[in-house]
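*Asks:* The following file, input.cif, comprises mmCIF, C-alpha atoms:
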```
data_work
#
loop_
_atom_site.label_atom_id
_atom_site.label_comp_id
_atom_site.auth_asym_id
_atom_site.auth_seq_id
_atom_site.Cartn_x
_atom_site.Cartn_y
_atom_site.Cartn_z
CA MET K 1 38.17 5.76 3.30
CA PRO K 2 41.32 4.97 1.25
CA ARG K 3 42.49 7.62 -1.21
CA SER K 4 42.10 5.17 -4.08
CA SER K 5 38.41 4.69 -3.29
CA ILE K 6 37.86 8.46 -3.09
CA ASN K 7 39.53 8.96 -6.46
CA ALA K 8 37.49 6.14 -8.03
CA ILE K 9 34.16 7.66 -6.87
CA LYS K 10 35.28 11.15 -7.93
CA THR K 11 36.35 9.99 -11.39
CA LYS K 12 33.16 7.98 -11.90
CA LEU K 13 31.00 10.99 -11.06
CA SER K 14 33.08 13.37 -13.16
CA ASN K 15 32.99 11.16 -16.25
CA ALA K 16 29.25 10.52 -15.95
CA VAL K 17 28.32 14.20 -15.53
CA SER K 18 30.71 15.33 -18.30
CA ALA K 19 29.03 12.88 -20.69
CA LYS K 20 25.56 13.83 -19.35
CA ASP K 21 24.84 10.11 -19.28
CA PRO K 22 21.65 9.75 -17.16
CA ASN K 23 22.17 6.09 -16.21
CA ALA K 24 25.88 6.52 -15.49
CA ILE K 25 25.14 9.47 -13.17
CA ALA K 26 22.50 7.40 -11.39
CA GLU K 27 25.04 4.63 -10.90
CA ALA K 28 27.65 7.12 -9.68
CA VAL K 29 25.42 8.59 -6.91
CA ASP K 30 24.08 5.20 -5.81
CA LEU K 31 25.23 3.75 -2.50
CA PRO K 32 26.85 0.37 -1.95
CA SER K 33 24.63 -2.42 -0.69
CA LEU K 34 22.66 -1.33 2.34
CA PRO K 35 21.95 -3.84 5.12
CA ASN K 36 18.58 -5.58 5.08
CA SER K 37 18.27 -4.87 8.79
CA VAL K 38 19.90 -2.60 11.32
CA GLY K 39 23.50 -3.15 12.41
CA SER K 40 24.99 -3.23 15.86
CA ARG K 41 26.95 0.03 15.82
CA PRO K 42 25.34 2.69 18.07
CA ALA K 43 23.54 5.41 16.16
CA GLY K 44 25.45 8.66 16.01
CA SER K 45 28.60 7.12 17.49
CA GLY K 46 30.72 9.55 15.52
CA GLY K 47 33.69 9.16 13.24
CA ALA K 48 31.91 7.13 10.58
CA GLY K 49 30.77 9.92 8.36
CA SER K 50 33.97 11.94 8.40
CA GLN K 51 33.85 15.26 6.56
CA HIS K 52 35.39 15.33 3.10
CA GLY K 53 36.73 18.48 1.49
CA GLU K 54 37.15 17.35 -2.10
CA LEU K 55 36.82 19.93 -4.87
CA ILE K 56 35.37 19.06 -8.25
CA LYS K 57 34.23 21.24 -11.14
CA ILE K 58 32.60 19.74 -14.20
CA ASP K 59 32.02 21.94 -17.25
CA GLY K 60 32.47 25.00 -15.05
CA VAL K 61 29.86 23.86 -12.49
CA ASP K 62 30.85 23.04 -8.91
CA TRP K 63 29.77 19.50 -7.98
CA SER K 64 31.64 19.40 -4.67
CA ASN K 65 28.39 19.65 -2.66
CA VAL K 66 27.28 16.41 -4.35
CA LEU K 67 30.59 14.57 -4.18
CA ASN K 68 31.46 15.23 -0.51
CA PRO K 69 28.24 13.92 1.07
CA LEU K 70 28.40 10.97 -1.35
CA LEU K 71 31.87 10.16 0.01
CA GLY K 72 30.57 10.66 3.55
CA ALA K 73 27.75 8.19 2.93
CA HIS K 74 30.19 5.59 1.57
CA SER K 75 32.42 6.03 4.63
CA ALA K 76 29.50 5.75 7.05
CA ILE K 77 28.22 2.57 5.39
CA GLN K 78 31.68 0.99 5.65
CA SER K 79 31.71 1.85 9.37
CA GLY K 80 28.14 0.60 9.89
CA ASP K 81 26.83 3.92 11.26
CA LEU K 82 23.27 4.31 9.98
CA ALA K 83 22.68 7.71 11.60
CA GLN K 84 25.76 9.18 9.90
CA THR K 85 24.79 7.46 6.66
CA TYR K 86 21.44 9.22 6.75
CA GLU K 87 23.02 12.62 7.56
CA ALA K 88 25.32 12.29 4.55
CA GLN K 89 22.54 10.93 2.31
CA SER K 90 20.19 13.78 3.22
CA SER K 91 22.93 16.31 2.32
CA LEU K 92 23.46 14.49 -0.97
CA HIS K 93 19.72 14.57 -1.66
CA SER K 94 19.48 18.28 -0.92
CA ALA K 95 22.44 19.00 -3.20
CA LEU K 96 20.97 16.97 -6.05
CA ASN K 97 17.63 18.76 -5.66
CA HIS K 98 19.52 22.03 -6.12
CA ALA K 99 21.43 20.67 -9.13
CA LEU K 100 18.17 19.51 -10.73
CA GLY K 101 16.56 22.90 -10.22
CA SER K 102 19.47 24.75 -11.84
CA SER K 103 19.86 22.38 -14.81
CA LYS K 104 17.99 22.23 -18.10
CA GLY K 105 16.22 19.09 -19.23
CA ASN K 106 15.60 15.83 -17.40
CA TRP K 107 18.99 14.08 -17.68
CA LEU K 108 19.34 14.08 -13.87
CA ILE K 109 16.00 12.31 -13.27
CA PRO K 110 17.41 8.72 -13.05
CA ALA K 111 19.97 9.96 -10.49
CA LEU K 112 17.20 11.70 -8.53
CA HIS K 113 15.17 8.48 -8.45
CA VAL K 114 18.15 6.55 -7.06
CA VAL K 115 18.75 9.21 -4.41
CA CYS K 116 15.05 9.31 -3.43
CA ARG K 117 15.00 5.54 -3.01
CA ASN K 118 18.18 5.55 -0.92
CA THR K 119 17.04 8.46 1.25
CA HIS K 120 13.80 6.61 2.00
CA ARG K 121 15.50 3.34 2.82
CA VAL K 122 18.37 4.76 4.91
CA ALA K 123 15.91 6.90 6.91
CA ALA K 124 13.73 3.86 7.67
CA LEU K 125 16.74 1.74 8.69
CA ALA K 126 18.19 4.51 10.88
CA ASP K 127 14.85 5.04 12.65
CA GLU K 128 14.50 1.30 13.16
CA HIS K 129 17.96 1.18 14.74
CA VAL K 130 17.19 4.10 17.07
CA ASN K 131 13.89 2.53 18.08
CA ARG K 132 15.56 -0.78 18.91
CA SER K 133 18.30 0.95 20.89
CA THR K 134 15.93 3.14 22.93
CA GLY K 135 12.90 0.84 23.11
CA ASN K 136 10.79 3.64 21.59
CA ARG K 137 8.69 2.34 18.71
CA ASN K 138 7.45 5.74 17.54
CA ASP K 139 10.63 7.65 16.68
CA HIS K 140 10.33 8.50 12.97
CA ALA K 141 12.41 11.69 13.00
CA ARG K 142 14.62 10.73 10.06
CA LEU K 143 11.76 9.42 7.94
CA GLN K 144 9.82 12.63 8.58
CA ASN K 145 12.87 14.63 7.54
CA ALA K 146 13.22 12.45 4.44
CA VAL K 147 9.63 13.28 3.50
CA THR K 148 10.53 16.98 3.22
CA LEU K 149 13.44 16.12 0.90
CA LEU K 150 11.24 14.02 -1.37
CA GLN K 151 8.51 16.66 -1.32
CA ALA K 152 11.11 19.16 -2.60
CA SER K 153 12.04 16.70 -5.38
CA TYR K 154 8.35 16.27 -6.19
CA SER K 155 7.82 20.05 -6.48
CA LYS K 156 10.84 20.55 -8.72
CA THR K 157 9.71 17.84 -11.13
CA LEU K 158 5.97 18.62 -11.11
CA ASN K 159 6.39 22.37 -11.69
CA ASP K 160 8.66 22.05 -14.72
CA ARG K 161 7.18 24.08 -17.58
CA VAL K 162 8.43 21.82 -20.36
CA GLU K 163 5.66 19.68 -21.88
CA LEU K 164 5.73 16.04 -20.83
CA ARG K 165 6.46 13.53 -23.59
CA PRO K 166 6.53 10.14 -21.84
CA ASN K 167 8.43 8.10 -24.43
CA ASP K 168 11.20 10.63 -25.15
CA PRO K 169 14.74 9.75 -23.96
CA PHE K 170 16.33 11.70 -21.12
CA SER K 171 17.98 14.82 -22.53
CA GLU K 172 18.68 18.52 -22.03
CA GLU K 173 15.35 19.31 -23.69
CA GLY K 174 13.14 16.77 -21.87
CA SER K 175 10.54 17.51 -19.20
CA LYS K 176 11.33 16.90 -15.55
CA LYS K 177 7.70 15.79 -15.10
CA VAL K 178 8.79 12.34 -16.27
CA GLY K 179 10.22 11.86 -12.78
CA VAL K 180 7.04 12.71 -10.85
CA LEU K 181 5.31 9.33 -10.61
CA TYR K 182 8.30 7.45 -9.14
CA ILE K 183 8.70 10.10 -6.42
CA VAL K 184 4.96 10.05 -5.70
CA ASN K 185 5.12 6.29 -5.13
CA GLN K 186 8.02 6.71 -2.72
CA LEU K 187 6.05 9.38 -0.83
CA PHE K 188 2.97 7.13 -0.73
CA SER K 189 5.06 4.42 0.93
CA MET K 190 6.40 6.91 3.48
CA TYR K 191 2.96 8.39 4.23
CA PHE K 192 1.53 4.93 4.85
CA ARG K 193 4.43 4.08 7.14
CA LEU K 194 3.95 7.35 9.06
CA ASN K 195 0.14 7.00 9.03
CA THR K 196 -0.32 10.44 7.45
CA LEU K 197 -2.74 9.36 4.73
CA ARG K 198 -4.38 12.80 4.62
CA LEU K 199 -1.27 14.03 2.76
CA CYS K 200 -1.86 11.57 -0.10
CA LYS K 201 -4.54 13.83 -1.59
CA ASN K 202 -1.89 16.52 -2.07
CA LEU K 203 -0.22 14.09 -4.47
CA THR K 204 -3.16 12.50 -6.27
CA ARG K 205 -5.01 15.70 -7.21
CA PRO K 206 -2.26 17.40 -9.28
CA VAL K 207 -0.96 14.11 -10.68
CA GLU K 208 -4.36 12.94 -11.93
CA SER K 209 -5.54 16.36 -13.11
CA ARG K 210 -2.51 16.49 -15.44
CA GLY K 211 -2.75 12.84 -16.51
CA ILE K 212 0.72 12.04 -15.15
CA HIS K 213 -0.56 8.84 -13.50
CA GLU K 214 -1.09 7.42 -17.00
CA SER K 215 2.28 8.54 -18.37
CA GLY K 216 4.82 6.61 -16.30
CA THR K 217 6.51 3.29 -16.85
CA LYS K 218 4.38 0.17 -16.39
CA GLY K 219 5.96 -0.50 -13.00
CA GLU K 220 5.30 3.06 -11.81
CA MET K 221 1.67 2.95 -12.91
CA VAL K 222 1.11 -0.43 -11.21
CA THR K 223 2.63 0.85 -7.95
CA TYR K 224 0.56 4.05 -8.15
CA ARG K 225 -2.69 2.11 -8.62
CA TYR K 226 -1.77 -0.18 -5.70
CA TYR K 227 -1.35 2.72 -3.29
CA VAL K 228 -4.41 4.61 -4.58
CA GLY K 229 -6.41 1.39 -4.17
CA ARG K 230 -5.30 1.16 -0.54
CA LEU K 231 -6.27 4.80 -0.08
CA ASN K 232 -9.71 4.12 -1.62
CA MET K 233 -10.13 1.16 0.71
CA PHE K 234 -9.49 3.23 3.84
CA GLU K 235 -12.01 5.80 2.56
CA ASP K 236 -14.65 3.06 2.11
CA GLN K 237 -14.64 3.56 -1.68
CA TYR K 238 -14.61 -0.15 -2.36
CA ASP K 239 -15.67 0.01 -6.02
CA LEU K 240 -12.75 2.31 -6.85
CA ALA K 241 -10.41 0.23 -4.68
CA GLU K 242 -11.36 -2.91 -6.60
CA GLN K 243 -10.77 -1.19 -9.95
CA ASN K 244 -7.31 0.03 -8.93
CA PHE K 245 -6.24 -3.29 -7.38
CA ASP K 246 -7.55 -5.17 -10.43
CA TYR K 247 -5.48 -2.93 -12.71
CA ALA K 248 -2.38 -3.38 -10.54
CA LEU K 249 -2.73 -7.18 -10.49
CA ARG K 250 -3.50 -7.44 -14.21
CA HIS K 251 -0.51 -5.32 -15.25
CA CYS K 252 1.99 -6.53 -12.65
CA HIS K 253 4.96 -8.34 -14.18
CA HIS K 254 4.22 -12.07 -14.47
CA SER K 255 7.35 -13.03 -12.52
CA ALA K 256 6.79 -10.52 -9.69
CA VAL K 257 5.08 -13.06 -7.44
CA ALA K 258 5.82 -11.17 -4.21
CA ASN K 259 4.26 -7.98 -5.61
CA LYS K 260 1.18 -9.86 -6.80
CA LYS K 261 0.79 -11.27 -3.30
CA ARG K 262 1.00 -7.75 -1.82
CA ILE K 263 -1.80 -6.63 -4.15
CA LEU K 264 -3.92 -9.69 -3.32
CA ASN K 265 -3.55 -9.00 0.42
CA TYR K 266 -5.90 -6.07 -0.20
CA LEU K 267 -7.79 -7.12 -3.33
CA VAL K 268 -9.10 -10.34 -1.73
CA PRO K 269 -10.73 -8.56 1.28
CA VAL K 270 -12.35 -5.98 -1.03
CA LYS K 271 -13.75 -8.73 -3.26
CA LEU K 272 -14.95 -10.71 -0.22
CA LEU K 273 -16.90 -7.67 0.97
CA ARG K 274 -18.43 -7.32 -2.49
CA GLY K 275 -19.48 -10.98 -2.41
CA ARG K 276 -16.83 -12.36 -4.78
CA LEU K 277 -15.04 -15.34 -3.32
CA PRO K 278 -11.56 -16.30 -4.57
CA THR K 279 -10.84 -19.82 -5.77
CA SER K 280 -8.93 -22.24 -3.57
CA LYS K 281 -6.39 -22.54 -6.40
CA LEU K 282 -5.62 -18.81 -6.27
CA LEU K 283 -5.19 -18.79 -2.49
CA ALA K 284 -2.89 -21.82 -2.67
CA LYS K 285 -0.82 -20.39 -5.53
CA TYR K 286 0.06 -17.24 -3.55
CA SER K 287 0.10 -18.89 -0.08
CA LEU K 288 -2.82 -16.76 1.12
CA ASN K 289 -3.83 -19.34 3.70
CA GLU K 290 -5.18 -16.72 6.12
CA PHE K 291 -8.18 -16.21 3.82
CA VAL K 292 -9.15 -19.90 3.52
CA PRO K 293 -11.34 -20.13 6.69
CA LEU K 294 -12.96 -16.79 5.86
CA MET K 295 -13.83 -17.92 2.35
CA ASN K 296 -15.14 -21.31 3.52
CA GLY K 297 -17.14 -19.70 6.31
CA MET K 298 -18.75 -17.19 3.96
CA ARG K 299 -19.53 -19.80 1.31
CA THR K 300 -21.25 -22.22 3.70
CA GLY K 301 -22.54 -19.79 6.32
CA ASN K 302 -20.28 -21.39 8.93
CA LEU K 303 -20.00 -18.47 11.31
CA MET K 304 -17.76 -20.39 13.70
CA GLU K 305 -15.14 -21.12 11.02
CA PHE K 306 -15.24 -17.51 9.83
CA SER K 307 -14.90 -16.06 13.34
CA ASP K 308 -12.10 -18.45 14.30
CA GLY K 309 -10.18 -17.58 11.12
CA LEU K 310 -10.62 -13.87 11.75
CA MET K 311 -9.47 -14.17 15.36
CA LYS K 312 -6.50 -16.42 14.53
CA ASN K 313 -5.08 -13.89 12.05
CA GLN K 314 -6.31 -10.77 13.85
CA ASP K 315 -2.85 -9.25 14.37
CA LEU K 316 -1.91 -9.78 10.72
CA PHE K 317 -5.12 -8.17 9.44
CA ILE K 318 -4.76 -5.24 11.86
CA ARG K 319 -1.21 -4.58 10.64
CA ARG K 320 -2.45 -4.54 7.06
CA GLY K 321 -5.41 -2.35 7.95
CA THR K 322 -7.97 -4.85 6.61
CA TYR K 323 -9.40 -6.20 9.88
CA LEU K 324 -12.46 -3.91 10.05
CA LEU K 325 -13.18 -4.51 6.37
CA LEU K 326 -13.13 -8.28 6.91
CA GLU K 327 -15.30 -7.88 10.01
CA LYS K 328 -17.96 -6.38 7.71
CA CYS K 329 -17.92 -9.60 5.67
CA LYS K 330 -19.57 -11.34 8.62
CA MET K 331 -22.93 -9.98 7.39
CA ILE K 332 -22.60 -12.10 4.23
CA CYS K 333 -21.79 -15.08 6.45
CA TYR K 334 -25.00 -14.45 8.43
CA ARG K 335 -26.98 -14.15 5.21
CA ASN K 336 -25.73 -17.50 3.89
CA LEU K 337 -26.39 -19.19 7.25
CA PHE K 338 -30.00 -17.98 7.24
CA LYS K 339 -30.38 -19.10 3.63
CA ARG K 340 -29.40 -22.63 4.70
CA VAL K 341 -31.96 -22.50 7.53
CA PHE K 342 -34.58 -21.39 4.99
CA LYS K 343 -33.78 -24.35 2.74
CA ILE K 344 -34.06 -26.76 5.67
CA VAL K 345 -37.36 -25.31 6.94
CA GLY K 346 -38.76 -25.10 3.42
CA LYS K 347 -41.25 -22.24 3.96
CA GLU K 348 -41.30 -18.44 3.94
CA GLN K 349 -42.23 -18.06 7.62
CA ILE K 350 -39.32 -19.02 9.88
CA LYS K 351 -39.52 -18.90 13.64
CA LEU K 352 -36.66 -17.00 15.21
CA ASP K 353 -36.25 -19.95 17.53
CA TYR K 354 -35.07 -22.05 14.57
CA ILE K 355 -32.46 -19.43 13.65
CA ALA K 356 -31.30 -19.17 17.26
CA LYS K 357 -30.87 -22.96 17.32
CA SER K 358 -28.62 -22.77 14.25
CA PHE K 359 -26.28 -20.47 16.20
CA LYS K 360 -26.36 -22.87 19.13
CA TRP K 361 -25.53 -25.77 16.82
CA LEU K 362 -22.47 -23.80 15.59
CA GLY K 363 -21.33 -23.36 19.18
CA MET K 364 -22.20 -19.65 19.23
CA PRO K 365 -25.45 -19.39 21.22
CA ILE K 366 -27.23 -16.01 21.09
CA ASP K 367 -30.67 -14.93 22.31
CA GLN K 368 -33.64 -14.07 20.10
CA ASP K 369 -33.25 -10.32 20.60
CA GLU K 370 -29.76 -10.42 19.11
CA THR K 371 -31.01 -12.66 16.32
CA GLU K 372 -33.72 -10.12 15.57
CA CYS K 373 -31.14 -7.32 15.48
CA ILE K 374 -28.94 -9.20 12.99
CA LEU K 375 -31.92 -9.95 10.76
CA ALA K 376 -33.05 -6.31 10.86
CA ASN K 377 -29.60 -5.24 9.62
CA LEU K 378 -29.67 -7.81 6.82
CA ILE K 379 -33.12 -6.65 5.72
CA PHE K 380 -31.95 -3.02 5.82
CA LYS K 381 -28.93 -3.90 3.63
CA GLN K 382 -31.34 -5.75 1.30
CA TYR K 383 -29.38 -8.97 1.71
CA ILE K 384 -32.72 -10.51 2.72
CA ARG K 385 -36.18 -9.60 1.37
CA GLY K 386 -38.90 -9.81 3.97
CA TYR K 387 -39.95 -8.43 7.33
CA LEU K 388 -39.87 -9.32 11.01
CA SER K 389 -42.92 -9.95 13.15
CA HIS K 390 -41.70 -8.98 16.59
CA GLU K 391 -44.92 -10.04 18.27
CA LYS K 392 -44.91 -13.53 16.77
CA ARG K 393 -41.09 -13.81 16.72
CA VAL K 394 -41.17 -14.84 13.07
CA LEU K 395 -39.16 -13.89 9.99
CA VAL K 396 -41.47 -13.60 6.98
CA LEU K 397 -39.54 -13.92 3.71
CA SER K 398 -40.56 -12.69 0.27
CA LYS K 399 -41.95 -15.40 -1.98
CA LYS K 400 -39.88 -14.01 -4.86
CA ASP K 401 -36.10 -14.21 -4.48
CA PRO K 402 -35.84 -13.84 -0.68
CA PHE K 403 -32.02 -13.90 -0.80
CA PRO K 404 -31.15 -11.71 -3.81
CA THR K 405 -27.69 -12.47 -5.14
CA SER K 406 -27.43 -9.10 -6.90
CA LYS K 407 -27.37 -7.25 -3.57
CA VAL K 408 -24.46 -9.33 -2.29
CA ILE K 409 -22.33 -9.69 -5.44
CA LYS K 410 -21.62 -6.20 -6.73
#
```
How does the structure come out when it is put into structure tokens?
*Replies:*
Amino acid sequence: MPRSSINAIKTKLSNAVSAKDPNAIAEAVDLPSLPNSVGSRPAGSGGAGSQHGELIKIDGVDWSNVLNPLLGAHSAIQSGDLAQTYEAQSSLHSALNHALGSSKGNWLIPALHVVCRNTHRVAALADEHVNRSTGNRNDHARLQNAVTLLQASYSKTLNDRVELRPNDPFSEEGSKKVGVLYIVNQLFSMYFRLNTLRLCKNLTRPVESRGIHESGTKGEMVTYRYYVGRLNMFEDQYDLAEQNFDYALRHCHHSAVANKKRILNYLVPVKLLRGRLPTSKLLAKYSLNEFVPLMNGMRTGNLMEFSDGLMKNQDLFIRRGTYLLLEKCKMICYRNLFKRVFKIVGKEQIKLDYIAKSFKWLGMPIDQDETECILANLIFKQYIRGYLSHEKRVLVLSKKDPFPTSKVIK
């Protein structure tokens, strides 16, 4: 790195820390533009992240352990070495954690947020590069190491004894707790990527018991509700998941179309399971075309259309973690198919042979035993009111509201 560039970074950091300007410090420790995807330089090829031995004292405090890895990260980025970039960034993160712990107030919180974001992103990019180079898809060593750095940041902010006052400016008297929610959201993202969802509870319990989840910026609270909604969904707590996703969608910035689509990728399946079908206008607005055959199939009882739509987008739904949830929606599809058969037959006693013929007409022939099994499940779930006569092979429906809407739409 040219001497002029080193001096510029050093001066920028020195001026920002001397002024205790939170935003200027955040800008000073930020990295130049990172690549959107991995580069071609071999990981750990050496030379990129050369060691720097700059000395810098600001107001009697040594900031060399922050400056030198920052310079190393800049050098590594210029050379395109992601592994060296992460090594330097992790050293920078560790040094800033130490600086935060030994300082009063919360004036370093914006800088910590920038460093947390960069540590997360550089770790993910470096792991991706290693995986592409080696053909191993499961090497997450750097991301796992980054988790420990962010957990240290989380502890230092959460355990601050100063009372949290959300709307106060950053200062030498402010609470470090103001930085908790942003770090929690970064950790959520990392836990989901690493598939270690069990660790999420270690974040939600202390955050919610202290009311911190309601004290962040609007963006932080929206992101928090999005991840907690996903966590609820995987725990089969669909009512809570719907509440959290609804909040996230309602409070998401009106121009953040991509974020709204991310929320809807999970909110739509939850609402489908609870019997609430989205409008075609909504699906078209956010290009959620993968849900169109599922919605049409559920509305009309067209099991073939529903199954084809589920199979066509199977890989996408599996990656999102919504495939099994959508598979459960098939029961509503069955219920609406049988309701159509009931309207055609026009009486409460329906021979199972008629129902079996409806499957055959859809191109999905099944025998009467399987038909009986499906009906038994629907009766158990109270989607249908009635009983089965196994001996006579007849479904006997209740004369009063045989297909109760209240049991489907929750």
*Asks:* Run the PyMOL selection byres ((chain K and resi 17-28) around 10) mentally over the shown coordinates, then write out the matched residues as number ranges by chain, using the chain letters and numbers from the document.
*Replies:* K: 9-16, 29-31, 57-59, 63, 67, 70, 106-115, 169-172
*Asks:* On this structure, the PyMOL selection byres ((chain K and resi 184) around 12) would catch which residues? List them as an MDAnalysis selection string, sorted by chain and number.
*Replies:* chainID K and resid 113 116:117 147 150:155 157:158 177:183 185:191 199:208 212:213 216 220:221 223:225 227:228
*Asks:* Using the selection just defined, write its residues with C-alpha atoms as a PDB file, in the coordinates of the input.
*Replies:*
```pdb
ATOM      1  CA  HIS K 113      15.170   8.480  -8.450  1.00  0.00           C
ATOM      2  CA  CYS K 116      15.050   9.310  -3.430  1.00  0.00           C
ATOM      3  CA  ARG K 117      15.000   5.540  -3.010  1.00  0.00           C
ATOM      4  CA  VAL K 147       9.630  13.280   3.500  1.00  0.00           C
ATOM      5  CA  LEU K 150      11.240  14.020  -1.370  1.00  0.00           C
ATOM      6  CA  GLN K 151       8.510  16.660  -1.320  1.00  0.00           C
ATOM      7  CA  ALA K 152      11.110  19.160  -2.600  1.00  0.00           C
ATOM      8  CA  SER K 153      12.040  16.700  -5.380  1.00  0.00           C
ATOM      9  CA  TYR K 154       8.350  16.270  -6.190  1.00  0.00           C
ATOM     10  CA  SER K 155       7.820  20.050  -6.480  1.00  0.00           C
ATOM     11  CA  THR K 157       9.710  17.840 -11.130  1.00  0.00           C
ATOM     12  CA  LEU K 158       5.970  18.620 -11.110  1.00  0.00           C
ATOM     13  CA  LYS K 177       7.700  15.790 -15.100  1.00  0.00           C
ATOM     14  CA  VAL K 178       8.790  12.340 -16.270  1.00  0.00           C
ATOM     15  CA  GLY K 179      10.220  11.860 -12.780  1.00  0.00           C
ATOM     16  CA  VAL K 180       7.040  12.710 -10.850  1.00  0.00           C
ATOM     17  CA  LEU K 181       5.310   9.330 -10.610  1.00  0.00           C
ATOM     18  CA  TYR K 182       8.300   7.450  -9.140  1.00  0.00           C
ATOM     19  CA  ILE K 183       8.700  10.100  -6.420  1.00  0.00           C
ATOM     20  CA  ASN K 185       5.120   6.290  -5.130  1.00  0.00           C
ATOM     21  CA  GLN K 186       8.020   6.710  -2.720  1.00  0.00           C
ATOM     22  CA  LEU K 187       6.050   9.380  -0.830  1.00  0.00           C
ATOM     23  CA  PHE K 188       2.970   7.130  -0.730  1.00  0.00           C
ATOM     24  CA  SER K 189       5.060   4.420   0.930  1.00  0.00           C
ATOM     25  CA  MET K 190       6.400   6.910   3.480  1.00  0.00           C
ATOM     26  CA  TYR K 191       2.960   8.390   4.230  1.00  0.00           C
ATOM     27  CA  LEU K 199      -1.270  14.030   2.760  1.00  0.00           C
ATOM     28  CA  CYS K 200      -1.860  11.570  -0.100  1.00  0.00           C
ATOM     29  CA  LYS K 201      -4.540  13.830  -1.590  1.00  0.00           C
ATOM     30  CA  ASN K 202      -1.890  16.520  -2.070  1.00  0.00           C
ATOM     31  CA  LEU K 203      -0.220  14.090  -4.470  1.00  0.00           C
ATOM     32  CA  THR K 204      -3.160  12.500  -6.270  1.00  0.00           C
ATOM     33  CA  ARG K 205      -5.010  15.700  -7.210  1.00  0.00           C
ATOM     34  CA  PRO K 206      -2.260  17.400  -9.280  1.00  0.00           C
ATOM     35  CA  VAL K 207      -0.960  14.110 -10.680  1.00  0.00           C
ATOM     36  CA  GLU K 208      -4.360  12.940 -11.930  1.00  0.00           C
ATOM     37  CA  ILE K 212       0.720  12.040 -15.150  1.00  0.00           C
ATOM     38  CA  HIS K 213      -0.560   8.840 -13.500  1.00  0.00           C
ATOM     39  CA  GLY K 216       4.820   6.610 -16.300  1.00  0.00           C
ATOM     40  CA  GLU K 220       5.300   3.060 -11.810  1.00  0.00           C
ATOM     41  CA  MET K 221       1.670   2.950 -12.910  1.00  0.00           C
ATOM     42  CA  THR K 223       2.630   0.850  -7.950  1.00  0.00           C
ATOM     43  CA  TYR K 224       0.560   4.050  -8.150  1.00  0.00           C
ATOM     44  CA  ARG K 225      -2.690   2.110  -8.620  1.00  0.00           C
ATOM     45  CA  TYR K 227      -1.350   2.720  -3.290  1.00  0.00           C
ATOM     46  CA  VAL K 228      -4.410   4.610  -4.580  1.00  0.00           C
TER      47      VAL K 228
END
```
*Asks:* Skip region 328-339 of chain K itself and residues of its chain fewer than 6 positions away, then list as a ChimeraX atom specification all residues within 6 Å of it, counting all atoms listed in the file.
*Replies:* /K:273,298,301
*Asks:* Write the residues of the selection above to a file with C-alpha atoms, as a PDB file, keeping the file's coordinate frame.
*Replies:*
```pdb
ATOM      1  CA  LEU K 273     -16.900  -7.670   0.970  1.00  0.00           C
ATOM      2  CA  MET K 298     -18.750 -17.190   3.960  1.00  0.00           C
ATOM      3  CA  GLY K 301     -22.540 -19.790   6.320  1.00  0.00           C
TER       4      GLY K 301
END
```
*Asks:* Do you know which residues are at most 12 Å from Asp239 (chain K) counting all atoms listed in the file, after dropping those on the same chain fewer than 3 positions away, and could you put them as number ranges by chain?
*Replies:* K: 229-230, 232-233, 235-236, 242-246, 267, 270-271, 273-274, 409-410
*Asks:* Report the distance between CA of Ser103 (chain K) and CA of Ala146 (chain K) in Å, rounded to one decimal place.
*Replies:*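 Taking CA of Ser103 (chain K) and CA of Ala146 (chain K), their separation equals 22.7 Å.
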*Asks:* Counting only C-alpha atoms, which residues of region 189-295 of chain K fall within 10 Å of region 306-322 of chain K, and what is the closest atom pair for each with its distance in Å at one decimal, ordered by chain and rising number, as CSV?
*Replies:*
```
residue,atom,partner,partner_atom,distance
K:Arg230,CA,K:Gly321,CA,9.2
K:Met233,CA,K:Thr322,CA,8.7
K:Phe234,CA,K:Gly321,CA,8.0
K:Asn265,CA,K:Arg320,CA,8.1
K:Tyr266,CA,K:Thr322,CA,7.2
K:Pro269,CA,K:Thr322,CA,7.1
K:Val270,CA,K:Thr322,CA,8.9
K:Asn289,CA,K:Gly309,CA,9.9
K:Glu290,CA,K:Asn313,CA,6.6
K:Phe291,CA,K:Gly309,CA,7.7
K:Val292,CA,K:Gly309,CA,8.0
K:Pro293,CA,K:Gly309,CA,5.2
K:Leu294,CA,K:Phe306,CA,4.6
K:Met295,CA,K:Phe306,CA,7.6
```
*Asks:* Keeping only C-alpha atoms, write those residues as a tab-separated table (two decimals), keeping the file's coordinate frame.
*Replies:*
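Saved file selection06.tsv follows:
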```tsv
chain	number	residue	atom	x	y	z
K	230	ARG	CA	-5.30	1.16	-0.54
K	233	MET	CA	-10.13	1.16	0.71
K	234	PHE	CA	-9.49	3.23	3.84
K	265	ASN	CA	-3.55	-9.00	0.42
K	266	TYR	CA	-5.90	-6.07	-0.20
K	269	PRO	CA	-10.73	-8.56	1.28
K	270	VAL	CA	-12.35	-5.98	-1.03
K	289	ASN	CA	-3.83	-19.34	3.70
K	290	GLU	CA	-5.18	-16.72	6.12
K	291	PHE	CA	-8.18	-16.21	3.82
K	292	VAL	CA	-9.15	-19.90	3.52
K	293	PRO	CA	-11.34	-20.13	6.69
K	294	LEU	CA	-12.96	-16.79	5.86
K	295	MET	CA	-13.83	-17.92	2.35
```
*Asks:* Report as a list in words the full result of the PyMOL selection byres ((chain K and resi 284-287) around 10) when it is applied to this structure.
*Replies:*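 Checking the PyMOL selection byres ((chain K and resi 284-287) around 10) against this file, the residues are Val257, Ala258, Lys260, Lys261, Arg262, Leu264, Asn265, Thr279, Ser280, Lys281, Leu282, Leu283, Leu288, Asn289, Glu290, Phe291 and Val292 of chain K.
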